[in-house]
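What follows is the content of data.tsv (TSV, C-alpha atoms).
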chain	number	residue	atom	x	y	z
A	1	MET	CA	-16.57	14.23	1.17
A	2	ILE	CA	-13.72	11.97	0.01
A	3	SER	CA	-13.03	11.48	-3.68
A	4	ILE	CA	-10.54	9.11	-5.30
A	5	ARG	CA	-8.57	10.17	-8.37
A	6	ALA	CA	-5.38	9.41	-10.25
A	7	ALA	CA	-2.31	11.11	-8.80
A	8	SER	CA	-0.30	13.61	-10.86
A	9	ASP	CA	3.31	14.80	-10.65
A	10	GLN	CA	2.11	17.88	-8.77
A	11	ASP	CA	0.82	15.64	-5.96
A	12	ALA	CA	4.10	13.82	-5.35
A	13	ASP	CA	5.58	16.35	-2.92
A	14	ASP	CA	2.66	15.86	-0.48
A	15	LEU	CA	2.77	12.06	-0.39
A	16	PRO	CA	5.81	11.46	1.86
A	17	ASP	CA	4.09	13.47	4.62
A	18	ILE	CA	0.93	11.36	4.26
A	19	GLU	CA	3.00	8.17	4.49
A	20	ARG	CA	4.92	9.48	7.52
A	21	SER	CA	1.66	10.36	9.30
A	22	SER	CA	0.16	7.01	8.39
A	23	GLY	CA	3.07	5.18	9.99
A	24	THR	CA	2.62	6.78	13.40
A	25	ILE	CA	0.02	4.13	14.23
A	26	PHE	CA	2.92	1.68	14.62
A	27	ARG	CA	4.08	3.53	17.76
A	28	GLY	CA	1.50	1.46	19.61
A	29	TRP	CA	2.55	-1.92	18.17
A	30	PRO	CA	5.28	-3.66	20.22
A	31	GLY	CA	8.36	-4.47	18.18
A	32	LEU	CA	7.37	-2.32	15.22
A	33	GLU	CA	7.48	1.12	16.83
A	34	TRP	CA	10.52	1.99	14.69
A	35	ILE	CA	8.30	2.16	11.60
A	36	ALA	CA	6.85	5.44	12.83
A	37	ASP	CA	10.27	7.05	12.35
A	38	ASP	CA	11.46	5.00	9.35
A	39	THR	CA	12.16	6.47	5.95
A	40	VAL	CA	9.30	6.74	3.48
A	41	GLN	CA	9.11	6.82	-0.30
A	42	SER	CA	10.60	10.03	-1.63
A	43	ALA	CA	8.66	12.43	-3.84
A	44	ASP	CA	10.82	11.23	-6.77
A	45	GLU	CA	9.89	7.60	-6.04
A	46	HIS	CA	6.24	8.66	-6.03
A	47	ARG	CA	6.73	10.46	-9.35
A	48	ALA	CA	8.15	7.27	-10.90
A	49	LEU	CA	5.09	5.28	-9.77
A	50	ILE	CA	2.76	8.05	-10.95
A	51	ALA	CA	4.45	7.91	-14.37
A	52	GLN	CA	3.66	4.18	-14.53
A	53	GLY	CA	-0.01	5.03	-14.08
A	54	VAL	CA	-0.65	3.18	-10.82
A	55	ALA	CA	-1.07	5.90	-8.23
A	56	LEU	CA	-4.34	6.97	-6.66
A	57	LEU	CA	-5.18	9.73	-4.20
A	58	ALA	CA	-7.91	10.11	-1.65
A	59	GLU	CA	-8.87	13.76	-1.30
A	60	ASP	CA	-11.08	15.66	1.04
A	61	GLN	CA	-12.66	18.77	-0.46
A	62	ARG	CA	-11.34	20.97	2.35
A	63	ALA	CA	-8.27	19.14	3.71
A	64	GLY	CA	-6.76	18.10	0.39
A	65	THR	CA	-4.87	14.80	0.05
A	66	VAL	CA	-5.57	12.46	2.96
A	67	GLY	CA	-4.39	9.14	1.52
A	68	PHE	CA	-2.81	7.38	-1.41
A	69	LEU	CA	-2.14	4.02	-2.97
A	70	ASN	CA	0.63	3.25	-5.41
A	71	GLY	CA	1.64	0.13	-7.22
A	72	GLU	CA	3.10	-1.42	-10.32
A	73	LEU	CA	1.81	-3.67	-13.07
A	74	THR	CA	3.68	-6.98	-13.10
A	75	PRO	CA	3.22	-10.23	-15.04
A	76	GLU	CA	1.34	-11.57	-11.99
A	77	GLY	CA	-1.06	-8.65	-11.75
A	78	LEU	CA	-1.02	-5.27	-10.09
A	79	HIS	CA	1.32	-5.15	-7.09
A	80	ILE	CA	0.44	-2.66	-4.36
A	81	TRP	CA	3.62	-1.09	-3.04
A	82	GLN	CA	2.08	1.26	-0.52
A	83	ILE	CA	-1.25	2.33	0.83
A	84	ALA	CA	-1.26	5.14	3.37
A	85	VAL	CA	-3.95	7.19	5.04
A	86	HIS	CA	-3.07	10.25	7.12
A	87	GLY	CA	-3.32	9.45	10.83
A	88	ASP	CA	-6.13	11.96	11.34
A	89	TRP	CA	-8.22	10.22	8.69
A	90	GLN	CA	-7.69	6.55	9.55
A	91	GLY	CA	-10.66	4.36	10.39
A	92	GLN	CA	-13.05	6.11	8.01
A	93	GLY	CA	-13.04	3.59	5.14
A	94	ILE	CA	-10.55	5.51	2.97
A	95	GLY	CA	-8.21	2.52	2.61
A	96	ARG	CA	-11.14	0.35	1.56
A	97	ARG	CA	-12.13	2.92	-1.07
A	98	LEU	CA	-8.56	3.08	-2.39
A	99	ILE	CA	-8.48	-0.73	-2.69
A	100	ALA	CA	-11.82	-0.73	-4.52
A	101	ALA	CA	-10.53	1.92	-6.93
A	102	VAL	CA	-7.30	0.05	-7.60
A	103	CYS	CA	-9.30	-3.13	-8.29
A	104	GLN	CA	-11.15	-1.25	-11.02
A	105	LEU	CA	-7.90	0.24	-12.36
A	106	ALA	CA	-6.24	-3.20	-12.38
A	107	VAL	CA	-9.09	-4.69	-14.41
A	108	GLU	CA	-8.96	-1.76	-16.85
A	109	LYS	CA	-5.22	-2.42	-17.31
A	110	GLY	CA	-5.81	-6.13	-17.91
A	111	ALA	CA	-4.58	-7.45	-14.56
A	112	THR	CA	-6.27	-10.52	-13.10
A	113	ALA	CA	-4.98	-10.18	-9.54
A	114	LEU	CA	-3.71	-7.76	-6.91
A	115	THR	CA	-0.65	-8.67	-4.86
A	116	LEU	CA	1.01	-7.12	-1.83
A	117	THR	CA	3.30	-7.88	1.08
A	118	THR	CA	2.45	-6.81	4.59
A	119	PHE	CA	2.89	-7.58	8.28
A	120	ARG	CA	1.28	-10.72	9.66
A	121	ASP	CA	-1.09	-10.36	12.58
A	122	VAL	CA	-1.05	-6.54	12.68
A	123	PRO	CA	-4.78	-5.66	12.71
A	124	TRP	CA	-4.55	-2.98	10.01
A	125	ASN	CA	-2.32	-5.21	7.82
A	126	GLU	CA	-2.89	-8.95	7.13
A	127	PRO	CA	-6.29	-9.28	8.92
A	128	TYR	CA	-7.52	-6.07	7.29
A	129	TYR	CA	-6.56	-7.21	3.80
A	130	GLN	CA	-8.15	-10.61	4.44
A	131	ARG	CA	-11.43	-8.84	5.25
A	132	LEU	CA	-11.15	-7.05	1.90
A	133	GLY	CA	-10.79	-10.34	0.01
A	134	PHE	CA	-7.03	-10.94	-0.10
A	135	ARG	CA	-5.73	-14.37	0.78
A	136	THR	CA	-2.42	-15.03	2.49
A	137	LEU	CA	-0.14	-17.22	0.42
A	138	ALA	CA	1.45	-20.25	2.06
A	139	ASN	CA	5.23	-20.06	2.01
A	140	ASP	CA	5.46	-22.69	-0.74
A	141	ALA	CA	2.95	-20.75	-2.88
A	142	ILE	CA	4.80	-17.43	-2.85
A	143	THR	CA	5.97	-16.63	-6.37
A	144	PRO	CA	9.63	-15.87	-7.10
A	145	ARG	CA	8.77	-12.20	-7.69
A	146	LEU	CA	7.04	-11.87	-4.32
A	147	LEU	CA	9.88	-13.77	-2.63
A	148	LYS	CA	12.26	-11.19	-4.10
A	149	VAL	CA	10.08	-8.37	-2.74
A	150	ILE	CA	10.22	-9.90	0.75
A	151	GLU	CA	13.97	-10.48	0.41
A	152	ASN	CA	14.46	-6.81	-0.51
A	153	GLU	CA	12.32	-5.78	2.46
A	154	GLY	CA	14.66	-7.80	4.66
A	155	LYS	CA	17.70	-6.05	3.16
A	156	ALA	CA	16.00	-2.76	4.06
A	157	GLY	CA	15.72	-3.85	7.70
A	158	ILE	CA	12.16	-5.16	7.81
A	159	PRO	CA	11.93	-8.42	9.79
A	160	VAL	CA	10.90	-10.90	7.09
A	161	GLU	CA	9.66	-13.46	9.63
A	162	LEU	CA	6.82	-11.00	10.35
A	163	ARG	CA	5.91	-10.55	6.68
A	164	CYS	CA	3.50	-12.33	4.39
A	165	ALA	CA	2.53	-12.16	0.74
A	166	MET	CA	-1.11	-11.84	-0.23
A	167	VAL	CA	-3.16	-12.05	-3.41
A	168	MET	CA	-6.68	-11.10	-4.48
A	169	GLN	CA	-8.00	-12.63	-7.70
A	170	LEU	CA	-10.03	-10.16	-9.75
This entry written out as structure tokens:
Amino acid sequence: MISIRAASDQDADDLPDIERSSGTIFRGWPGLEWIADDTVQSADEHRALIAQGVALLAEDQRAGTVGFLNGELTPEGLHIWQIAVHGDWQGQGIGRRLIAAVCQLAVEKGATALTLTTFRDVPWNEPYYQRLGFRTLANDAITPRLLKVIENEGKAGIPVELRCAMVMQL
């Protein structure tokens, strides 16, 4: 039985391992295999997002934390920085439940949209989010804030030509 709850400081130390496990799926995607071994958010970075109040956990009664979502409230809405589900738990609807929970949280916090950046054409990225109700922004519709996010991703080594920005109106 999976439950979704707000993350606490005590949870932060477990989240980098979840993110690392989540990324192993990229080993099977040509050109993006490096993501499986890339750096992940540190426990301190998770604590900062938890302190902002936009951090959710997916927990199994026996296994403990199996996934998380973190984000940040912005003038445009709630921006999702990361969603990760442990590799052993992928494909069971946990990501969908985390997105549904963050939609509710965003509305409670007064946000009118969710935003994120992700890889184009990767089945568990852009097409997945489209199925959940996100729409891919055309290049000329990407806001300056989201352009800056993509620019920073490029500075971190992520190929920006493979990225897109997405929005879901709430």
Neighbour list for Gln169 of chain A as number ranges by chain, cut-off 7 Å, all atoms listed in the file, skip fewer than 4 positions in-chain: A: 112-114
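Between atom CA of Gln41 of chain A and atom CA of Ala141 of chain A the separation is 28.4 Å.
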Using only C-alpha atoms, the shortest atom-to-atom distance to Gly95 of chain A among A:Phe68, A:Phe26, A:Phe119, A:Trp81 belongs to A:Phe68
Residues within 6 Å of Glu59 of chain A, all atoms listed in the file, excluding chain neighbours under 2 positions, as a PyMOL selection string: chain A and resi 2-3+64-66
Find the residues with any atom within 10 Å of (7.0, -1.1, 14.2); use all atoms listed in the file and the coordinates as given in the file, and write the answer as a list in words.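 Those residues, ordered by chain and then number, are Gly23, Thr24, Ile25, Phe26, Arg27, Gly28, Trp29, Pro30, Gly31, Leu32, Glu33, Trp34, Ile35, Ala36, Asp37, Asp38, Phe119, Val122, Ile158 and Pro159 of chain A.
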